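> Mind having a look at this structure? Questions to follow.
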Amino acid sequence: MSTQFEVQASSQKPVQSVSEITVRLVGDSGDGMQLLGTQLTNTSALSGNDVATFPDFPAEIRAPRGTRAGVSGFQVHFSSEEIFTPGDGLDALVAMNPAALVTNLGDLRKQGILILNSDNFEAKDLKLAKLNQDPRTDGSLKDYRVIEVPMTNLTRTAVEGTGLSVKQADQCKNFFAMGLVYWLFGRDVKPTLRFIEAKFSGKQDLAEANRKALQAGWSYGETTEHFASTFQVAPARLEPGTYRNVMGNQALAWGLMAASQLSHKQLFLGSYPITPASDVLHELSKYKNFGVRTFQAEDEIAAICSIIGAAFGGAMGVTTSSGPGIALKGEGLGLAVMLELPLLVINIQRGGPSTGLPTKTEQADLLMALYGRHGECPMPVLAARSPADCFDVAIEAWRIATRFMTPVMLLSDGYIANGAEPWRLPNVESLEKIEIVHPGPAEPGQTFLPYQRDALLARPWALPGTKGLEHRIGGLEKEDGTGNISYDPKNHQHMVNTRAKKVQNVAEVIAPLSVEGPEQGDLLVAES
Amino acid sequence: MSTQFEVQASSQKPVQSVSEITVRLVGDSGDGMQLLGTQLTNTSALSGNDVATFPDFPAEIRAPRGTRAGVSGFQVHFSSEEIFTPGDGLDALVAMNPAALVTNLGDLRKQGILILNSDNFEAKDLKLAKLNQDPRTDGSLKDYRVIEVPMTNLTRTAVEGTGLSVKQADQCKNFFAMGLVYWLFGRDVKPTLRFIEAKFSGKQDLAEANRKALQAGWSYGETTEHFASTFQVAPARLEPGTYRNVMGNQALAWGLMAASQLSHKQLFLGSYPITPASDVLHELSKYKNFGVRTFQAEDEIAAICSIIGAAFGGAMGVTTSSGPGIALKGEGLGLAVMLELPLLVINIQRGGPSTGLPTKTEQADLLMALYGRHGECPMPVLAARSPADCFDVAIEAWRIATRFMTPVMLLSDGYIANGAEPWRLPNVESLEKIEIVHPGPAEPGQTFLPYQRDALLARPWALPGTKGLEHRIGGLEKEDGTGNISYDPKNHQHMVNTRAKKVQNVAEVIAPLSVEGPEQGDLLVAES
Amino acid sequence: MSTELNVLKPADYGSDQEVRWCPGCGDYSILAQMKKVLSGIGAQPEKTVFISGIGCSSRFPYYMNTYGMHSIHGRAPAFATGLKCSRPDLDVWVITGDGDALSIGGNHFLHLMRRNLNLNIVLFNNSIYGLTKGQYSPTSPLGSVTKSTPRGSLDFPLNPISVALAAEATFVARSIDTNIQHLTETLTRASQHRGTSFVEVYQNCNVFNDGAWDYAKEKDVKDDNLVELQHGKPLTFAKGTRGIRLNGLQPEVVSLDQVPTDDLLFHDESADSPALAYLLSRLRYPQFPEPIGVFRAVQRPIYDEQINQQVEQAVAERGPGSLNKLFAGGDTWTVN
Amino acid sequence: MSTELNVLKPADYGSDQEVRWCPGCGDYSILAQMKKVLSGIGAQPEKTVFISGIGCSSRFPYYMNTYGMHSIHGRAPAFATGLKCSRPDLDVWVITGDGDALSIGGNHFLHLMRRNLNLNIVLFNNSIYGLTKGQYSPTSPLGSVTKSTPRGSLDFPLNPISVALAAEATFVARSIDTNIQHLTETLTRASQHRGTSFVEVYQNCNVFNDGAWDYAKEKDVKDDNLVELQHGKPLTFAKGTRGIRLNGLQPEVVSLDQVPTDDLLFHDESADSPALAYLLSRLRYPQFPEPIGVFRAVQRPIYDEQINQQVEQAVAERGPGSLNKLFAGGDTWTVN
Ligand SMILES: Cc1ncc(C[n+]2csc(CCOP(=O)(O)OP(=O)(O)O)c2C)c(N)n1
Ligand SMILES: Cc1ncc(C[n+]2csc(CCOP(=O)(O)OP(=O)(O)O)c2C)c(N)n1
Ligand code: SF4
Ligand code: SF4
Ligand SMILES: [Mg+2]
Ligand SMILES: [Mg+2]
């Protein structure tokens, strides 16, 4: 580190102890809000809080600067208790420009802290935000504790002498905001200093400038009259262990990789990109040394079909998508139900119907998951409850799929997918193995019955390459046992009942339901 | 007519009066059962009974003769009361060979009449039917009134002298069976004689032979000791009017054509062939002089999309399919819900899941119809209750679609599609018109709001070609009124509620529900 | 196309919606040229419909002050087909991307081509999935390192022109987003073609695949890397210093110092067989200069015209349909 | 393919299921020849997988005593792709029809071709939808009167060979159901090709489209209407009395009385460019004799091999993946 960082270990101002804080950082896409949010998350987690976060990206790839469409946000909820969501009402909102302010203000609690970059409220900024009046003066902010900070100018001053251009200097203002936020919530700056060091290695001028901006922000909090006290959130009582932050899609990908190893099955992902599911494809495609095969299909139909093919061959077939893509998989899923092959279909839900609100979250695909196929076509449906839970659910889904020889639908959503929370690292050796038995070659004279069932009604998973087990499967109704085509109505009824009963049998092997939240209420969402 | 038909006007044997009869005629695909069934249907209808019928085709195009796979059947239910289905338990079964017997026997009531062509129960016939024992002697028929008739030989004898080859003579045996059935149920042979005359015009030897066979069958009933009495079903009290028989798919096609005329809209059908829906495509493609455009799309997705395009242009867009094809339309339907354009999606259901039992019927797609789309995606769903009802439901569906600017799903099934019943011809002039108003050109300076709604929440149907109404629609969530893209969560909630309410509003304009069948029971299927 | 005197300027074809592509995106230029073309041909906004799928490019209809539909991914050709069959009076443009048209939409693309409706389809080829932030597309070169292919893509790319030709397209052309004059001319010719006209436009995605088409766009090299097709003219390039000659069926680059122009391959866009056009579609950088312009322009019966003619013929032969007659046409009976 | 001494006879490749095609259907012959081919190449039934879509032709897998999947309409290539990627050790055959492959399945067909997995696809082309009882298909000639087109079809037909070539297929061939020897040879060559091999088979549907290929099948005319492609050989037909010559890019039929064989077009199935193969695919009856045999057979990297090589390379470079290491690889902290 080239300069000594000069902030005191902690503030001299009074400290107010609170059990939890929800803060949202909002600005233009170019303002570095995602970075600020990630740093605050990591620091909070390292300081022992339970944390849940949610980033909110603009819908456009690169929306015009300063417009409402270009607003990018990051919400962090940290607590001394166990928490389950990124929070609803905001305790504090940091807004870097008017567009960010007006599009997020509605979520700030009355009397909540509102920190504004007052340098960004000129006429042109207001116009870009489609505002006729300055919200700071027209009374719209009267219910909040407004703190206006000329961040741009203070940052410019702070980084003077590092040799940066004005444009470069201005890009440091998220670190100024970070310093102020860290001060306000009593966060340790050291991890972020380490981050700056690593990120700007080789660009010492930038590293230096960002450190200075961070310091200036911190000092601003400590010295200005605006703030009477800082807030303190005590460490949460988390289960002992080693923790890291994980995002939902990442935990999902890792859970799949773990399931693959636990069951000694090649992981074959057939997927077509779609927001907010694509990151599972991106994540898995990095880990080819884990034996993962990723296949970017020509469309979602090809994706589901490819994994049915892979499952027929004995691989762990997985497909990932979101609403519009899942809607296309109904016919393929029907076939998977009929073939009784194990595979996973993962729906990272987003706002619908139709193309809907692709970058926003929603949980409105449950009924499609249950019923979105023609005929009597039952299938287990699981849902993840949080980013870290994605890891466990992925493994459980694969366990169910292989135990019962059935496709399994797994629901997540944009919130969980892009949200993050601390995750206690499992010891991989101690994770329960997933036992899969394939029938061996047939003895001479023995006839193989591909639809003969075990106690829980699962059929055997016979793999091509096994002598004597040659058999044909397909989408036509099958005769019980032999799997030959049958148009007999009695057999059909029997098979319909059997497929339904098999899925009900899943209840036999899963843990009992547990209630999360209040013991009483109007609506119970049951979870296993 | 070259020979005088010599059957007496009616039997001399005692007549037993019954209120209804269900009879099924089964034989090999080549045995002419469909023709026999159709004749019995028409004759019964002409004699004033209410009639409901159902043909049952083999799954294969041309299955091997004499096998179970090759069995073709036709069920006729005629009654002196109003009836709603082709019947469940059979009062009489006519089976032309062992395969037909064993695959249908289960549906014959205890003590039901079972007429067999005893000439077709040789060892080779039993083998083709995969029977080790002759069912006539192994006790399996003990619960039925079995009447064995050597139809093949009796027919050969009857047609002697007409110069037919043995093969040709054997093809007349369905007329022998017909004669016997007509005798048994006191049906008038005249319409069938007219049919023979018309069908074999120019082939007088065949006409003559079939007449003789018909007569022989009738006389056999009258003279043999087997039958103590004939059965008589009195005419039903049907509403006065002119009647004809219609099949479900035919009535559906005609209903669509009527809706097109009643609303002055071009009928555009975009469809991909699939059993049992293809016949709607075939039927409609015949009536180009009614202004019908039929488009055989490359797949079901293109089909639904093509009719959305047609609806955008102001046509009556209709697509027809069955389970596997409907499963593919979910994404397109989601768009139609978002665009709020009127169109009809018709699902002629068949046995599922997956490819299932394509030639058999089932009604298991209701939940997919209601929920088979991602997001909150409501849509009115109607179901036809009988073949003739298809005509009315098609018109009602189109009325709802255009009144509410919504896609409508219409359910039928293989049973209804291929079944037939008497239909009282409507006077087309007296059918209620379907009023559709398109907004006219905008005045200068006026802004057009494509998502502004009327009292029932329908939006305007503005057609390309209209000056000043240029607007863009799409699958992204829309701002209320303007229809511009909006990612605002409050607007989204409002639009979700509005779309739901709009579909609920359909209840405002439809007739109250009526109960059909017993007033009490375990399950109510409500119908409007 | 309007026969009235045109009074609309390019800007009049733009809608009031803010354009939301990344600054510097090639889509802007295509939008600008399209407005010019519509103005040039005197298109009536109320008679014009833009239909797109999903992708950055598919935002296009929002920016046009015409009728428009931003549909679903890959299916725009199907919407356009239904619309055009029932409303042949409209001028329909389909806007699509390389993923939209050739990945999820490949099947509809094939069938649109073979049917030959009287409409236009423009494919914005940036060889990447823009909207989903950078996965490889069906036109991305082998070995493309993208978010979904960190070790390089393995799928041999599709050649949009070859595919269109194999699908029996009657008008096939290629142009470039920033080649303003060529693009305007090409789109104008597309709009004038009777039948389906397909135009591939090389489009730069400066965020996820910047520079993909530099060889065809940069001042100093483009003349060496492009050959402009002109009907009846020999294939020359590099400012007329080089040309393309056929050796049997094998094209070869020759210097015009050594080979007389008459020996060169002459372009014939109206050749009955698509074999020449197909051969030209196989000329790819860096082995060859890439052809731009019209590969093929031939006449064939038009689907939407014919579907409507069948209706007219039926009416002429059988009279306008009477439902009462139809219903009473079979065996009927009367209940009193 | 087995290296053991083959002891299996054609009949050993048949399953116990009753064959349910219409008597006289061309599918029977293809089934019979396929069994011969498998016997000839010594295929191991347990290593062989037949995957089909939906259609009469797609019943095929049920009749083979191998592994098999009768999947859903049009998607067989996608199932095969997933299977082959994860199990490159298997011999995979895709069986499809003209509707299955080119109507609903057109997109998967394109992408199968370009990916070049090491598998075989056989398209039973009867130019009709058999299973749904007689609607026109994408290969039905213009004006086809069928159940859905009483006034004649309006869609210009697709040429399966042209489409496959445009989709970058590495092996493309055509044969005929009842041309037993030719079909056996062609399927054998397909099975030997490393990469995706596509074979179109003219198949008679004697119920709904009887006689569609009579010109290519009937003893007295077929020699005049077919030209058998042979690598390195000139295109001659009509028992060697006539041949095909190129005039520029325009093929013409010439009499061998007047034109020396050397002037004829010589076939080169391994030409780098698909231009020749494409040109040959445009030769259609009745203007020209139609080529049967192998249009194209070239080598290109194989998708399923490469996807597995990427895995091997990753393991070689980074070692087999350790989950514990991966999880602990970021910022972690410890709670006691
Ligand atoms: C059914 C469906 N699948 C996937 C997506 C996600 N998606 C949107 S655009 C796109 C690809 C865009 O690529 P391209 O067509 O080349 O357009 P570009 O953005 O490059 O202009 C994808 C995969 C979607 N919206 N719908
Ligand atoms: C999703 C879906 N759509 C439609 C069908 C109905 N269908 C079954 S086979 C077929 C076409 C068959 O034609 P082709 O592929 O040429 O096979 P062929 O029967 O001629 O061998 C159709 C439309 C289906 N089974 N599934
Ligand atoms: S991501 Fe690429 S294609 Fe999309 S708008 Fe940005 S620059 Fe254009
Ligand atoms: S319908 Fe045609 S293709 Fe199908 S089995 Fe019969 S003859 Fe063969
Ligand atoms: Mg693109
Ligand atoms: Mg076919």
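Chain labels A, B, ... are given in the sequence in which chains occur in the structure tokens; within each chain residues are numbered consecutively from 1, and ligands are likewise numbered from 1 in the order shown.
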Just the residues within 7 Å of Ala80 of chain C, please, counting only C-alpha atoms, with nothing from its chain fewer than 5 positions along; format it as number ranges by chain.
B: 306, 309; C: 51
> What residues have any atom no more than 8 Å from ligand 6 when counting only C-alpha atoms and all ligand atoms, and can you list them as JSON, numbers by chain?
{"D": [55, 56, 57, 97, 98, 99, 100, 124, 125, 126, 127, 128, 129, 130, 131, 137, 205]}
> Go ahead and save the picked residues with all heavy atoms, as a CSV table (one decimal), in the first residue's frame.

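again-v9.csv was written with the following content:
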chain,number,residue,atom,x,y,z
D,55,GLY,N,-44.2,-39.8,-36.8
D,55,GLY,CA,-44.7,-40.0,-38.2
D,55,GLY,C,-44.7,-41.5,-38.5
D,55,GLY,O,-44.2,-42.2,-37.6
D,56,CYS,N,-45.1,-41.9,-39.6
D,56,CYS,CA,-45.1,-43.3,-39.9
D,56,CYS,C,-43.6,-43.8,-39.8
D,56,CYS,O,-43.3,-44.8,-39.2
D,56,CYS,CB,-45.6,-43.6,-41.3
D,56,CYS,SG,-47.4,-43.2,-41.5
D,57,SER,N,-42.8,-43.1,-40.5
D,57,SER,CA,-41.4,-43.4,-40.6
D,57,SER,C,-40.8,-43.5,-39.2
D,57,SER,O,-39.9,-44.3,-38.9
D,57,SER,CB,-40.6,-42.4,-41.4
D,57,SER,OG,-41.2,-41.1,-41.2
D,97,GLY,N,-39.0,-38.1,-41.0
D,97,GLY,CA,-39.8,-38.0,-42.2
D,97,GLY,C,-39.7,-36.6,-42.8
D,97,GLY,O,-39.0,-35.7,-42.2
D,98,ASP,N,-40.3,-36.4,-43.9
D,98,ASP,CA,-40.2,-35.0,-44.6
D,98,ASP,C,-40.9,-34.0,-43.7
D,98,ASP,O,-40.4,-32.8,-43.7
D,98,ASP,CB,-40.7,-35.1,-46.0
D,98,ASP,CG,-41.9,-35.9,-46.2
D,98,ASP,OD1,-42.1,-36.9,-45.5
D,98,ASP,OD2,-42.8,-35.5,-47.0
D,99,GLY,N,-42.0,-34.3,-43.1
D,99,GLY,CA,-42.6,-33.4,-42.3
D,99,GLY,C,-41.9,-33.2,-41.0
D,99,GLY,O,-41.6,-32.1,-40.5
D,100,ASP,N,-41.5,-34.3,-40.4
D,100,ASP,CA,-40.8,-34.3,-39.1
D,100,ASP,C,-39.5,-33.5,-39.2
D,100,ASP,O,-39.2,-32.7,-38.3
D,100,ASP,CB,-40.5,-35.8,-38.8
D,100,ASP,CG,-40.1,-36.0,-37.3
D,100,ASP,OD1,-40.9,-35.6,-36.4
D,100,ASP,OD2,-39.0,-36.5,-37.1
D,124,PHE,N,-36.9,-40.2,-44.5
D,124,PHE,CA,-37.8,-41.0,-45.3
D,124,PHE,C,-38.7,-39.9,-46.0
D,124,PHE,O,-39.6,-39.4,-45.4
D,124,PHE,CB,-38.7,-41.9,-44.5
D,124,PHE,CG,-37.9,-43.0,-43.8
D,124,PHE,CD1,-36.6,-43.0,-43.6
D,124,PHE,CD2,-38.6,-44.2,-43.4
D,124,PHE,CE1,-35.9,-44.0,-42.9
D,124,PHE,CE2,-38.0,-45.2,-42.7
D,124,PHE,CZ,-36.6,-45.1,-42.5
D,125,ASN,N,-38.4,-39.7,-47.3
D,125,ASN,CA,-39.2,-38.6,-48.0
D,125,ASN,C,-40.3,-39.2,-48.8
D,125,ASN,O,-40.0,-39.8,-49.9
D,125,ASN,CB,-38.2,-37.8,-48.8
D,125,ASN,CG,-38.9,-36.6,-49.5
D,125,ASN,OD1,-40.1,-36.4,-49.3
D,125,ASN,ND2,-38.1,-35.8,-50.2
D,126,ASN,N,-41.5,-39.1,-48.3
D,126,ASN,CA,-42.6,-39.6,-49.1
D,126,ASN,C,-43.5,-38.4,-49.6
D,126,ASN,O,-44.6,-38.5,-50.1
D,126,ASN,CB,-43.5,-40.6,-48.4
D,126,ASN,CG,-44.0,-40.0,-47.0
D,126,ASN,OD1,-43.9,-38.8,-46.8
D,126,ASN,ND2,-44.5,-40.9,-46.2
D,127,SER,N,-43.0,-37.2,-49.4
D,127,SER,CA,-43.6,-35.9,-49.8
D,127,SER,C,-45.1,-35.9,-49.4
D,127,SER,O,-45.9,-35.3,-50.1
D,127,SER,CB,-43.5,-35.8,-51.3
D,127,SER,OG,-42.2,-35.5,-51.7
D,128,ILE,N,-45.3,-36.3,-48.2
D,128,ILE,CA,-46.7,-36.3,-47.7
D,128,ILE,C,-46.6,-36.5,-46.1
D,128,ILE,O,-45.6,-37.0,-45.6
D,128,ILE,CB,-47.6,-37.4,-48.3
D,128,ILE,CG1,-49.1,-37.1,-48.2
D,128,ILE,CG2,-47.3,-38.7,-47.8
D,128,ILE,CD1,-49.6,-36.1,-49.2
D,129,TYR,N,-47.6,-36.0,-45.4
D,129,TYR,CA,-47.8,-36.4,-44.0
D,129,TYR,C,-48.5,-37.8,-44.0
D,129,TYR,O,-49.7,-37.8,-44.3
D,129,TYR,CB,-48.6,-35.4,-43.3
D,129,TYR,CG,-47.9,-34.1,-43.0
D,129,TYR,CD1,-48.5,-33.1,-42.3
D,129,TYR,CD2,-46.6,-33.9,-43.4
D,129,TYR,CE1,-47.9,-31.9,-42.1
D,129,TYR,CE2,-45.9,-32.7,-43.1
D,129,TYR,CZ,-46.6,-31.7,-42.5
D,129,TYR,OH,-46.0,-30.5,-42.2
D,130,GLY,N,-47.8,-38.8,-43.8
D,130,GLY,CA,-48.5,-40.1,-43.8
D,130,GLY,C,-49.4,-40.3,-42.5
D,130,GLY,O,-50.6,-40.6,-42.6
D,131,LEU,N,-48.7,-40.2,-41.4
D,131,LEU,CA,-49.4,-40.6,-40.1
D,131,LEU,C,-50.7,-39.8,-39.9
D,131,LEU,O,-51.7,-40.3,-39.3
D,131,LEU,CB,-48.5,-40.4,-38.9
D,131,LEU,CG,-49.0,-41.0,-37.6
D,131,LEU,CD1,-48.9,-42.6,-37.7
D,131,LEU,CD2,-48.2,-40.6,-36.5
D,137,SER,N,-46.7,-31.9,-47.6
D,137,SER,CA,-45.5,-31.7,-46.7
D,137,SER,C,-44.6,-30.7,-47.3
D,137,SER,O,-44.8,-30.2,-48.5
D,137,SER,CB,-44.8,-33.0,-46.5
D,137,SER,OG,-43.8,-33.2,-47.5
D,205,CYS,N,-45.3,-43.7,-50.3
D,205,CYS,CA,-46.4,-43.9,-49.4
D,205,CYS,C,-47.6,-44.4,-50.3
D,205,CYS,O,-48.2,-43.5,-51.0
D,205,CYS,CB,-46.8,-42.6,-48.7
D,205,CYS,SG,-48.4,-42.7,-47.9
> Find the residues in chain D near chain B: any atom within 8 Å counts, using only C-alpha atoms. Write them as a list of chain:residue names.
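Every residue of chain D that passes the 8 Å test is in D:Arg20, D:Trp21, D:Cys22, D:Pro23, D:Ile72, D:Ser103, D:Ile104, D:Leu131, D:Thr132, D:Lys133, D:Gln135, D:Lys147, D:Ser148, D:Thr149, D:Pro150.
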> Excluding segment 154-165 of chain C and residues on its chain fewer than 3 positions from it, collect all residues at most 7 Å away from it, counting only C-alpha atoms, and give them as a ChimeraX atom specification.
/C:110,113,138-143,168-169,172,274,278,281 /D:114-115,163,166-167,303
> Just want the 12 Å neighbourhood of segment 507-512 of chain B, counted on only C-alpha atoms, with same-chain residues fewer than 3 positions away dropped. Output as an NGL selection string.
:B and (380-382 or 393 or 396-397 or 399-401 or 403-404 or 455-457 or 501-504 or 515 or 526-528)
> Please, could you write that set of residues out with C-alpha atoms as a PDB file, in the first residue's frame?

ATOM      1  CA  PRO B 380     -61.379 -17.311 -20.861  1.00  0.00           C
ATOM      2  CA  VAL B 381     -61.721 -21.061 -21.415  1.00  0.00           C
ATOM      3  CA  LEU B 382     -64.874 -22.563 -22.938  1.00  0.00           C
ATOM      4  CA  VAL B 393     -69.638 -22.546 -28.627  1.00  0.00           C
ATOM      5  CA  GLU B 396     -69.875 -17.650 -28.349  1.00  0.00           C
ATOM      6  CA  ALA B 397     -66.098 -17.902 -28.092  1.00  0.00           C
ATOM      7  CA  ARG B 399     -68.218 -13.095 -29.399  1.00  0.00           C
ATOM      8  CA  ILE B 400     -66.294 -13.092 -26.104  1.00  0.00           C
ATOM      9  CA  ALA B 401     -62.924 -12.722 -27.809  1.00  0.00           C
ATOM     10  CA  ARG B 403     -66.051  -8.079 -26.948  1.00  0.00           C
ATOM     11  CA  PHE B 404     -63.128  -8.341 -24.498  1.00  0.00           C
ATOM     12  CA  ALA B 455     -66.449  -0.182 -19.224  1.00  0.00           C
ATOM     13  CA  LEU B 456     -65.677  -3.894 -19.379  1.00  0.00           C
ATOM     14  CA  LEU B 457     -61.930  -3.163 -19.653  1.00  0.00           C
ATOM     15  CA  LYS B 501     -60.546  -8.373 -13.952  1.00  0.00           C
ATOM     16  CA  LYS B 502     -61.189  -8.177 -17.654  1.00  0.00           C
ATOM     17  CA  VAL B 503     -61.453 -11.933 -17.905  1.00  0.00           C
ATOM     18  CA  GLN B 504     -63.696 -12.022 -14.845  1.00  0.00           C
ATOM     19  CA  VAL B 515     -77.484 -27.747 -14.560  1.00  0.00           C
ATOM     20  CA  ALA B 526     -70.528 -25.973 -14.351  1.00  0.00           C
ATOM     21  CA  GLU B 527     -71.426 -24.800 -17.786  1.00  0.00           C
ATOM     22  CA  SER B 528     -72.871 -21.578 -19.123  1.00  0.00           C
TER      23      SER B 528
END
> I'd like to know which residues of segment 115-363 of chain A are alpha helix (DSSP H) (by DSSP, run on the backbone); could you write them as number ranges by chain?
A: 123-128, 151-159, 166-170, 173-184, 190-199, 204-223, 248-262, 278-285, 300-312, 323-327, 330-339
> Give the answer as one residue: which of D:Val294, D:Val122, D:Ala216, D:Ala101 has the shortest atom-to-atom distance to chain C, using only C-alpha atoms?
D:Ala101
> Just the strand (DSSP E) stuff from segment 124-299 of chain A, please, per backbone DSSP, written as number ranges by chain.
A: 145-149, 230-233, 241-247, 267-271, 293-296
> Mind checking which residues fall within 6 Å of segment 168-183 of chain B, counting only C-alpha atoms, ignoring those fewer than 4 positions away in the same chain, and posting them as a VMD selection string?
chain B and resid 155 to 156 164 187 210 213 to 215 217 to 218 221
> Which residues are close to Arg242 of chain D, i.e. within 12 Å by only C-alpha atoms, leaving aside same-chain residues fewer than 6 positions away? Reply as a ChimeraX atom specification.
/D:223-227,234-236,252-261,264-265,288-289
> Convert the current residue selection to file output with C-alpha atoms, as a short mmCIF file (atom, residue, chain, number, x, y, z; two decimals), in the first residue's frame.

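Ended up saving to result-v4.cif:
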data_model
loop_
_atom_site.label_atom_id
_atom_site.label_comp_id
_atom_site.auth_asym_id
_atom_site.auth_seq_id
_atom_site.Cartn_x
_atom_site.Cartn_y
_atom_site.Cartn_z
CA ASP D 223 -32.32 -45.00 -66.01
CA ASP D 224 -33.39 -41.95 -67.96
CA ASN D 225 -34.39 -40.04 -64.85
CA LEU D 226 -31.53 -40.78 -62.48
CA VAL D 227 -27.85 -40.11 -62.59
CA PRO D 234 -18.31 -38.07 -65.07
CA LEU D 235 -22.07 -37.70 -64.76
CA THR D 236 -23.56 -40.12 -67.23
CA GLU D 252 -27.08 -29.26 -69.69
CA VAL D 253 -27.92 -32.74 -70.83
CA VAL D 254 -25.83 -33.90 -73.75
CA SER D 255 -25.77 -37.01 -75.85
CA LEU D 256 -22.55 -38.98 -75.56
CA ASP D 257 -22.65 -39.56 -79.29
CA GLN D 258 -21.80 -35.93 -79.74
CA VAL D 259 -19.85 -34.96 -76.66
CA PRO D 260 -16.74 -36.69 -75.39
CA THR D 261 -16.87 -37.95 -71.80
CA LEU D 264 -18.75 -33.83 -68.90
CA LEU D 265 -19.12 -32.66 -65.36
CA PHE D 288 -32.86 -33.17 -65.52
CA PRO D 289 -32.11 -36.63 -64.29
#
> Find the residues near Ile304 of chain A: any atom within 9 Å, counting only C-alpha atoms, skip ones fewer than 6 places away on the same chain, and give them as a PyMOL selection string.
(chain A and resi 270-271+317-320+329+332-333+345) or (chain D and resi 78-79)
> With distances taken over only C-alpha atoms, which residue among A:Phe78, A:Tyr371, A:Trp461, A:Tyr415 lies nearest chain B?
A:Tyr371
> Counting only C-alpha atoms, figure out which residue out of D:Tyr202, D:Tyr28, D:Tyr67, D:Phe266 gets nearest to chain C.
D:Phe266
> Quick check: residues of chain B within 6 Å of chain A, only C-alpha atoms, returned as a ChimeraX atom specification.
/B:323-324,327-328,330-331,334-335,352-356,364-365,367-368,371-377,475-477
> Report, in Å with one decimal, the straight-line distance from atom CA of Asn97 of chain A to atom CA of Leu116 of chain A.
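Taking atom CA of Asn97 of chain A as the start and atom CA of Leu116 of chain A as the end point, the length is 7.2 Å.
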> Quick one: of C:Asn206, C:Gln192, C:Thr170, C:Thr334, who's nearest to chain D, counting only C-alpha atoms?
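Closest candidate: C:Thr170.
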> What does the distance from atom CA of Asn505 of chain B to atom CA of Pro407 of chain B come to in Å, to one decimal?
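One can read the atom CA of Asn505 of chain B to atom CA of Pro407 of chain B distance as 14.2 Å.
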> Of the candidates C:Val37, C:Ala43, C:Leu123, C:Ile180, which one gets nearest to ligand 1 if we count only C-alpha atoms and all ligand atoms?
C:Leu123
